[in-house]
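Student: Contents of target.cif (mmCIF, C-alpha atoms):
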data_work
loop_
_atom_site.group_PDB
_atom_site.id
_atom_site.type_symbol
_atom_site.label_atom_id
_atom_site.label_comp_id
_atom_site.auth_asym_id
_atom_site.auth_seq_id
_atom_site.Cartn_x
_atom_site.Cartn_y
_atom_site.Cartn_z
ATOM 1 C CA MET S 1 10.136 38.627 -35.814
ATOM 2 C CA THR S 2 13.713 37.806 -36.872
ATOM 3 C CA ARG S 3 14.865 34.183 -37.153
ATOM 4 C CA SER S 4 17.138 34.531 -34.110
ATOM 5 C CA LYS S 5 14.313 35.945 -31.968
ATOM 6 C CA TYR S 6 12.010 33.186 -33.205
ATOM 7 C CA LEU S 7 14.521 30.497 -32.212
ATOM 8 C CA LEU S 8 14.990 32.074 -28.804
ATOM 9 C CA ALA S 9 11.213 32.119 -28.285
ATOM 10 C CA VAL S 10 10.945 28.452 -29.302
ATOM 11 C CA MET S 11 13.776 27.459 -26.957
ATOM 12 C CA ALA S 12 12.141 29.367 -24.107
ATOM 13 C CA ALA S 13 8.824 27.619 -24.767
ATOM 14 C CA VAL S 14 10.504 24.196 -24.849
ATOM 15 C CA SER S 15 12.354 24.925 -21.604
ATOM 16 C CA THR S 16 9.139 26.017 -19.932
ATOM 17 C CA ALA S 17 7.314 22.891 -21.077
ATOM 18 C CA ALA S 18 10.169 20.689 -19.847
ATOM 19 C CA ALA S 19 10.111 22.402 -16.477
ATOM 20 C CA LEU S 20 6.384 21.749 -16.163
ATOM 21 C CA ALA S 21 6.626 18.097 -17.230
ATOM 22 C CA ASN S 22 7.023 15.281 -14.728
ATOM 23 C CA VAL S 23 10.458 13.679 -14.524
ATOM 24 C CA ARG S 24 11.013 9.908 -14.291
ATOM 25 C CA LEU S 25 14.193 8.885 -12.476
ATOM 26 C CA GLU S 26 15.486 5.319 -12.406
ATOM 27 C CA PHE S 27 17.320 4.157 -9.291
ATOM 28 C CA PRO S 28 19.955 3.447 -8.465
ATOM 29 C CA GLY S 29 21.116 6.061 -10.932
ATOM 30 C CA PRO S 30 22.982 9.353 -11.256
ATOM 31 C CA LEU S 31 19.943 11.466 -10.299
ATOM 32 C CA SER S 32 18.308 9.182 -7.713
ATOM 33 C CA GLN S 33 19.814 6.867 -5.135
ATOM 34 C CA GLY S 34 16.468 5.431 -4.132
ATOM 35 C CA PRO S 35 14.521 6.061 -0.923
ATOM 36 C CA PRO S 36 16.508 8.489 1.279
ATOM 37 C CA TYR S 37 15.823 6.411 4.385
ATOM 38 C CA TYR S 38 16.363 2.886 5.669
ATOM 39 C CA ALA S 39 12.890 1.489 6.262
ATOM 40 C CA GLN S 40 9.158 1.975 5.717
ATOM 41 C CA ILE S 41 8.295 3.364 9.147
ATOM 42 C CA SER S 42 8.050 6.901 10.515
ATOM 43 C CA ASP S 43 6.619 9.220 13.140
ATOM 44 C CA LEU S 44 5.253 12.279 11.359
ATOM 45 C CA PRO S 45 4.573 15.528 13.233
ATOM 46 C CA GLY S 46 0.859 15.853 13.835
ATOM 47 C CA ILE S 47 0.228 12.361 12.453
ATOM 48 C CA GLY S 48 2.031 9.952 14.772
ATOM 49 C CA LEU S 49 3.491 6.491 14.344
ATOM 50 C CA GLN S 50 3.180 5.117 10.821
ATOM 51 C CA ALA S 51 3.879 1.423 10.362
ATOM 52 C CA ILE S 52 2.326 -1.334 8.276
ATOM 53 C CA HIS S 53 0.321 -3.469 10.677
ATOM 54 C CA THR S 54 -2.646 -5.631 11.545
ATOM 55 C CA ASP S 55 -4.087 -5.795 15.051
ATOM 56 C CA GLU S 56 -1.484 -8.458 15.894
ATOM 57 C CA TRP S 57 1.637 -7.877 13.787
ATOM 58 C CA ALA S 58 3.650 -5.027 12.317
ATOM 59 C CA ALA S 59 5.892 -5.352 9.255
ATOM 60 C CA ILE S 60 8.886 -3.094 8.628
ATOM 61 C CA PRO S 61 10.439 -3.444 5.148
ATOM 62 C CA PHE S 62 14.055 -2.284 4.838
ATOM 63 C CA PHE S 63 15.200 -0.944 1.485
ATOM 64 C CA ARG S 64 18.904 -1.189 2.299
ATOM 65 C CA GLU S 65 21.097 -3.952 3.687
ATOM 66 C CA LEU S 66 20.089 -4.586 7.279
ATOM 67 C CA ALA S 67 23.678 -5.127 8.441
ATOM 68 C CA CYS S 68 24.538 -1.575 7.334
ATOM 69 C CA VAL S 69 21.831 0.155 9.389
ATOM 70 C CA PRO S 70 23.292 1.852 12.519
ATOM 71 C CA GLY S 71 21.909 0.110 15.582
ATOM 72 C CA ASP S 72 21.361 3.388 17.430
ATOM 73 C CA PHE S 73 19.730 5.392 14.616
ATOM 74 C CA ASN S 74 16.154 6.570 15.210
ATOM 75 C CA LEU S 75 14.264 4.842 12.392
ATOM 76 C CA LEU S 76 11.216 7.038 13.005
ATOM 77 C CA ASP S 77 13.107 10.167 11.942
ATOM 78 C CA ILE S 78 13.259 9.475 8.215
ATOM 79 C CA ARG S 79 14.291 13.067 7.478
ATOM 80 C CA ALA S 80 17.589 12.488 9.320
ATOM 81 C CA ALA S 81 18.505 9.290 7.439
ATOM 82 C CA ALA S 82 20.080 10.926 4.386
ATOM 83 C CA PRO S 83 22.826 11.157 3.343
ATOM 84 C CA ALA S 84 24.114 8.339 5.577
ATOM 85 C CA ALA S 85 21.514 5.915 4.214
ATOM 86 C CA PHE S 86 22.900 6.347 0.697
ATOM 87 C CA ALA S 87 26.101 4.623 1.829
ATOM 88 C CA CYS S 88 24.145 1.396 2.432
ATOM 89 C CA THR S 89 23.548 -0.940 -0.498
ATOM 90 C CA LEU S 90 20.012 -0.923 -1.880
ATOM 91 C CA THR S 91 18.091 -4.203 -1.840
ATOM 92 C CA VAL S 92 15.536 -2.765 -4.276
ATOM 93 C CA GLN S 93 15.540 -1.040 -7.627
ATOM 94 C CA GLY S 94 12.901 0.938 -9.463
ATOM 95 C CA PHE S 95 11.856 4.407 -10.457
ATOM 96 C CA GLU S 96 10.301 7.536 -9.036
ATOM 97 C CA ILE S 97 8.354 10.301 -10.732
ATOM 98 C CA ARG S 98 8.889 13.861 -9.553
ATOM 99 C CA LYS S 99 7.194 17.068 -10.584
ATOM 100 C CA SER S 100 10.619 18.419 -11.545
ATOM 101 C CA LEU S 101 14.286 18.236 -10.630
ATOM 102 C CA ALA S 102 13.936 21.320 -8.435
ATOM 103 C CA PRO S 103 14.996 20.832 -4.767
ATOM 104 C CA GLU S 104 11.484 21.622 -3.552
ATOM 105 C CA ASP S 105 10.154 18.669 -5.567
ATOM 106 C CA VAL S 106 12.422 16.063 -4.014
ATOM 107 C CA ILE S 107 9.408 14.111 -2.669
ATOM 108 C CA PRO S 108 8.179 11.986 -5.599
ATOM 109 C CA ILE S 109 4.564 11.957 -6.666
ATOM 110 C CA GLN S 110 4.797 8.265 -7.510
ATOM 111 C CA GLY S 111 7.304 5.451 -7.219
ATOM 112 C CA ARG S 112 7.710 1.733 -7.810
ATOM 113 C CA LEU S 113 10.218 -0.571 -6.158
ATOM 114 C CA SER S 114 11.144 -4.177 -6.971
ATOM 115 C CA GLY S 115 13.206 -6.379 -4.698
ATOM 116 C CA LEU S 116 16.581 -7.716 -5.757
ATOM 117 C CA GLY S 117 15.990 -11.081 -4.090
ATOM 118 C CA ALA S 118 16.657 -10.432 -0.397
ATOM 119 C CA VAL S 119 14.601 -7.556 0.996
ATOM 120 C CA ALA S 120 14.737 -7.621 4.797
ATOM 121 C CA ILE S 121 11.345 -7.341 6.504
ATOM 122 C CA LEU S 122 11.153 -7.265 10.290
ATOM 123 C CA PHE S 123 8.020 -8.583 11.966
ATOM 124 C CA VAL S 124 7.181 -7.598 15.532
ATOM 125 C CA SER S 125 4.077 -7.521 17.679
ATOM 126 C CA TRP S 126 2.063 -4.384 16.893
ATOM 127 C CA PRO S 127 1.324 -3.654 20.595
ATOM 128 C CA GLN S 128 5.032 -4.139 21.429
ATOM 129 C CA LEU S 129 6.058 -1.826 18.585
ATOM 130 C CA GLN S 130 3.636 0.859 19.763
ATOM 131 C CA ALA S 131 5.081 0.668 23.281
ATOM 132 C CA ALA S 132 8.692 0.766 22.044
ATOM 133 C CA ALA S 133 8.017 3.783 19.818
ATOM 134 C CA ALA S 134 5.933 5.719 22.359
ATOM 135 C CA ASP S 135 8.881 7.980 23.235
ATOM 136 C CA GLY S 136 9.395 8.988 19.602
ATOM 137 C CA ASN S 137 12.600 6.993 19.302
ATOM 138 C CA LEU S 138 12.942 3.526 17.792
ATOM 139 C CA THR S 139 16.254 1.910 16.976
ATOM 140 C CA LEU S 140 17.191 -1.355 15.329
ATOM 141 C CA ALA S 141 18.688 -2.437 18.653
ATOM 142 C CA GLU S 142 15.319 -1.839 20.356
ATOM 143 C CA LEU S 143 13.503 -3.845 17.691
ATOM 144 C CA LYS S 144 15.877 -6.786 18.097
ATOM 145 C CA ALA S 145 15.248 -6.738 21.858
ATOM 146 C CA LEU S 146 11.475 -7.174 21.479
ATOM 147 C CA PRO S 147 10.279 -10.704 22.416
ATOM 148 C CA SER S 148 8.298 -11.004 19.179
ATOM 149 C CA TYR S 149 11.158 -9.905 16.872
ATOM 150 C CA GLN S 150 11.459 -11.962 13.694
ATOM 151 C CA VAL S 151 13.603 -11.191 10.679
ATOM 152 C CA SER S 152 12.695 -12.375 7.203
ATOM 153 C CA TYR S 153 13.984 -11.938 3.674
ATOM 154 C CA ALA S 154 11.614 -11.479 0.781
ATOM 155 C CA SER S 155 12.589 -13.311 -2.387
ATOM 156 C CA PHE S 156 9.720 -11.449 -4.060
ATOM 157 C CA PHE S 157 8.934 -7.830 -3.239
ATOM 158 C CA THR S 158 7.090 -5.074 -5.073
ATOM 159 C CA MET S 159 5.884 -1.735 -3.795
ATOM 160 C CA THR S 160 3.975 1.048 -5.521
ATOM 161 C CA HIS S 161 3.446 4.269 -3.638
ATOM 162 C CA HIS S 162 2.067 7.753 -3.979
ATOM 163 C CA PRO S 163 3.840 9.431 -1.048
ATOM 164 C CA TRP S 164 2.231 11.912 1.265
ATOM 165 C CA ALA S 165 3.789 15.350 1.629
ATOM 166 C CA PRO S 166 2.808 18.170 3.996
ATOM 167 C CA GLY S 167 -0.153 20.047 2.566
ATOM 168 C CA ASP S 168 -1.265 17.174 0.317
ATOM 169 C CA ASP S 169 -4.740 15.663 0.338
ATOM 170 C CA LEU S 170 -4.347 12.534 2.477
ATOM 171 C CA ARG S 171 -6.762 10.638 0.250
ATOM 172 C CA GLY S 172 -4.132 10.653 -2.475
ATOM 173 C CA ALA S 173 -1.455 8.901 -0.402
ATOM 174 C CA VAL S 174 -1.410 5.189 -1.232
ATOM 175 C CA ILE S 175 1.005 2.301 -0.716
ATOM 176 C CA GLU S 176 0.579 -1.160 -2.225
ATOM 177 C CA ILE S 177 2.980 -3.963 -1.328
ATOM 178 C CA SER S 178 3.237 -7.618 -2.252
ATOM 179 C CA ALA S 179 5.981 -9.710 -0.673
ATOM 180 C CA ARG S 180 6.780 -13.313 0.158
ATOM 181 C CA GLY S 181 9.805 -15.208 1.367
ATOM 182 C CA LEU S 182 11.253 -16.992 4.376
ATOM 183 C CA LEU S 183 11.592 -16.203 8.047
ATOM 184 C CA GLN S 184 14.946 -16.950 9.632
ATOM 185 C CA ASP S 185 13.429 -19.984 11.352
ATOM 186 C CA GLY S 186 12.555 -21.487 7.957
ATOM 187 C CA ARG S 187 8.835 -20.709 7.880
ATOM 188 C CA GLN S 188 7.269 -18.909 4.953
ATOM 189 C CA PHE S 189 5.541 -15.553 5.094
ATOM 190 C CA GLN S 190 3.263 -13.436 2.953
ATOM 191 C CA LEU S 191 2.737 -9.689 3.223
ATOM 192 C CA GLN S 192 -0.017 -8.046 1.227
ATOM 193 C CA VAL S 193 -0.955 -4.372 1.454
ATOM 194 C CA SER S 194 -3.619 -3.063 -0.891
ATOM 195 C CA GLY S 195 -5.598 0.146 -1.201
ATOM 196 C CA VAL S 196 -3.972 1.774 1.801
ATOM 197 C CA HIS S 197 -4.670 5.434 2.472
ATOM 198 C CA VAL S 198 -1.927 6.865 4.647
ATOM 199 C CA PRO S 199 -0.789 8.367 6.863
ATOM 200 C CA LYS S 200 -4.070 8.261 8.782
ATOM 201 C CA ASP S 201 -5.248 4.695 8.227
ATOM 202 C CA TRP S 202 -3.773 1.322 7.339
ATOM 203 C CA LYS S 203 -6.366 -0.967 5.783
ATOM 204 C CA HIS S 204 -6.350 -4.218 3.840
ATOM 205 C CA VAL S 205 -3.116 -5.539 5.367
ATOM 206 C CA THR S 206 -2.491 -9.285 5.380
ATOM 207 C CA ILE S 207 0.411 -10.893 7.261
ATOM 208 C CA ARG S 208 0.614 -14.689 7.171
ATOM 209 C CA PHE S 209 3.156 -17.180 8.543
ATOM 210 C CA TRP S 210 3.171 -20.939 7.908
#
Would it be possible to restate this file's structure as structure tokens?
Tutor:
Amino acid sequence: MTRSKYLLAVMAAVSTAAALANVRLEFPGPLSQGPPYYAQISDLPGIGLQAIHTDEWAAIPFFRELACVPGDFNLLDIRAAAPAAFACTLTVQGFEIRKSLAPEDVIPIQGRLSGLGAVAILFVSWPQLQAAAADGNLTLAELKALPSYQVSYASFFTMTHHPWAPGDDLRGAVIEISARGLLQDGRQFQLQVSGVHVPKDWKHVTIRFW
């Protein structure tokens, strides 16, 4: 084998290995603008309403400035949020790990988010949220109209997730969240989500106000 052919073979092998390797992307950054949606809530085809909740309360963390979210946008349709959501300032930073930079691998296999000091989390009654979202449409305006609506801002927020994608084993989809801060009325809150297997079940969720 000539030197030139050898170098070409080496370059091809390196390129193949790079393509197979996972890619870590920091956000906000040139290759990732963070979660391509406004909030951690959805209604997945064949799965149904997905929201962090206990029997009494539901918590909806927003990853972008609340004032920027269109009041009439359907928050359950996370696939329709981008690219408009990218125009809203992130209230978190972090990284995501993708299988590759290929378009078909846009859903990360793992991610970690850290709050920047004021992550909005909306708390509403879980039964009221279920009723409001029963038609498959849930807007910020509808949330604000619920009698139980409370807005809070987390001074501390971390989230680690292994997102679910169509065709994946549901047992591998996990979200862990730890957050604390103040409600608008001055009370404190704590949100703890641990060992959650989604999108079928939400377990080990703690929501406390005092």
Student: For S:Ile97, which residue out of S:Glu56, S:Glu176, S:Glu26, S:Asp185 is the nearest one, using only C-alpha atoms?
Tutor: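 Closest candidate: S:Glu26.
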Student: Starting from the displayed file, determine the output of the PyMOL selection byres ((chain S and resi 138) around 8) and express the residue list as a PyMOL selection string.
Tutor: chain S and resi 73-76+132-133+136-137+139-140+142-143
Student: Which centre and which edge lengths, in Å to one decimal, describe the axis-aligned box that holds all listed atoms of stretch 182-197 of chain S after 8 Å is added on each side, as lines of an AutoDock Vina configuration file?
Tutor:
center_x = 4.7
center_y = -8.0
center_z = 5.1
size_x = 36.5
size_y = 42.9
size_z = 28.6
Student: Can you tell me which residues surround S:Ala102 at a distance of at most 12 Å, considering all atoms listed in the file, apart from same-chain residues fewer than 3 positions away, and format the answer as JSON, numbers by chain?
Tutor: {"S": [19, 20, 21, 22, 23, 31, 98, 99, 105, 106, 107, 108]}
Student: Can you tell me, as a PyMOL selection string, what residues are no more than 10 Å from stretch 177-183 of chain S when counting all atoms listed in the file, ignoring any on the same chain fewer than 5 positions away?
Tutor: chain S and resi 52+61+112-115+117-123+150-161+188-196+205-210
Student: Write out as a ChimeraX atom specification which residues come within 8 Å of S:Asp77 when counting all atoms listed in the file, dropping same-chain ones fewer than 4 positions away.
Tutor: /S:42-43,81
Student: How many Å separate atom CA of S:Pro147 from atom CA of S:Leu90?
Tutor: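 Taking atom CA of S:Pro147 as the start and atom CA of S:Leu90 as the end point, the length is 27.9 Å.
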Student: How many Å lie between atom CA of S:Pro35 and atom CA of S:Phe63, rounded to one decimal?
Tutor: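 Calculated distance between atom CA of S:Pro35 and atom CA of S:Phe63 is 7.4 Å.
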Student: Which residue gives the smallest distance to S:Tyr37 among S:Ala131, S:Gly71, S:Ala82, S:Trp57, with only C-alpha atoms counted?
Tutor: S:Ala82
Student: Measure the distance from atom CA of S:Arg64 to atom CA of S:Pro163 in Å and round it to one decimal.
Tutor: 18.7 Å
Student: Check the smallest atom-to-atom distance from each of S:Gly34, S:Pro103, S:Gly111, S:Gly46 to S:Phe86 using all atoms listed in the file, then report the winner.
Tutor: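 So, comparing all the options, the nearest one is S:Gly34.
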Student: List the spatial neighbours of S:Ser32 as a list in words - criterion: any atom at most 9 Å away, only C-alpha atoms, same-chain residues fewer than 4 positions off excluded.
Tutor: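 Listed by chain and then number, they are Leu25, Glu26, Phe27, Pro28, Phe95 and Glu96 of chain S.
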Student: With distances taken over all atoms listed in the file, which residue among S:Ala141, S:Pro83, S:Ile175, S:Asp135 lies nearest S:Gly48?
Tutor: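 So, comparing all the options, the nearest one is S:Asp135.
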Student: Starting from the incomplete input, reconstruct N, CA and C atoms of stretch 27-38 of chain S and write that as a compact mmCIF listing (two decimals), in the frame of the given file.
Tutor:
# COMPACT_ATOMS: atom_id res chain seq x y z
N PHE S 27 16.33 4.30 -10.35
CA PHE S 27 17.32 4.16 -9.29
C PHE S 27 17.67 2.68 -9.09
N PRO S 28 18.93 2.42 -8.71
CA PRO S 28 19.95 3.45 -8.46
C PRO S 28 20.43 4.06 -9.77
N GLY S 29 20.69 5.35 -9.74
CA GLY S 29 21.12 6.06 -10.93
C GLY S 29 21.76 7.37 -10.55
N PRO S 30 22.25 8.11 -11.54
CA PRO S 30 22.98 9.35 -11.26
C PRO S 30 22.13 10.44 -10.61
N LEU S 31 20.80 10.42 -10.83
CA LEU S 31 19.94 11.47 -10.30
C LEU S 31 19.07 10.99 -9.13
N SER S 32 19.08 9.71 -8.84
CA SER S 32 18.31 9.18 -7.71
C SER S 32 19.02 7.97 -7.13
N GLN S 33 19.20 7.99 -5.84
CA GLN S 33 19.81 6.87 -5.14
C GLN S 33 18.78 6.05 -4.38
N GLY S 34 17.52 6.19 -4.78
CA GLY S 34 16.47 5.43 -4.13
C GLY S 34 15.94 6.13 -2.89
N PRO S 35 15.10 5.45 -2.13
CA PRO S 35 14.52 6.06 -0.92
C PRO S 35 15.62 6.62 -0.01
N PRO S 36 15.48 7.87 0.44
CA PRO S 36 16.51 8.49 1.28
C PRO S 36 16.38 8.12 2.75
N TYR S 37 15.98 6.89 3.02
CA TYR S 37 15.82 6.41 4.38
C TYR S 37 16.03 4.90 4.38
N TYR S 38 16.05 4.31 5.57
CA TYR S 38 16.36 2.89 5.67
C TYR S 38 15.14 1.99 5.53
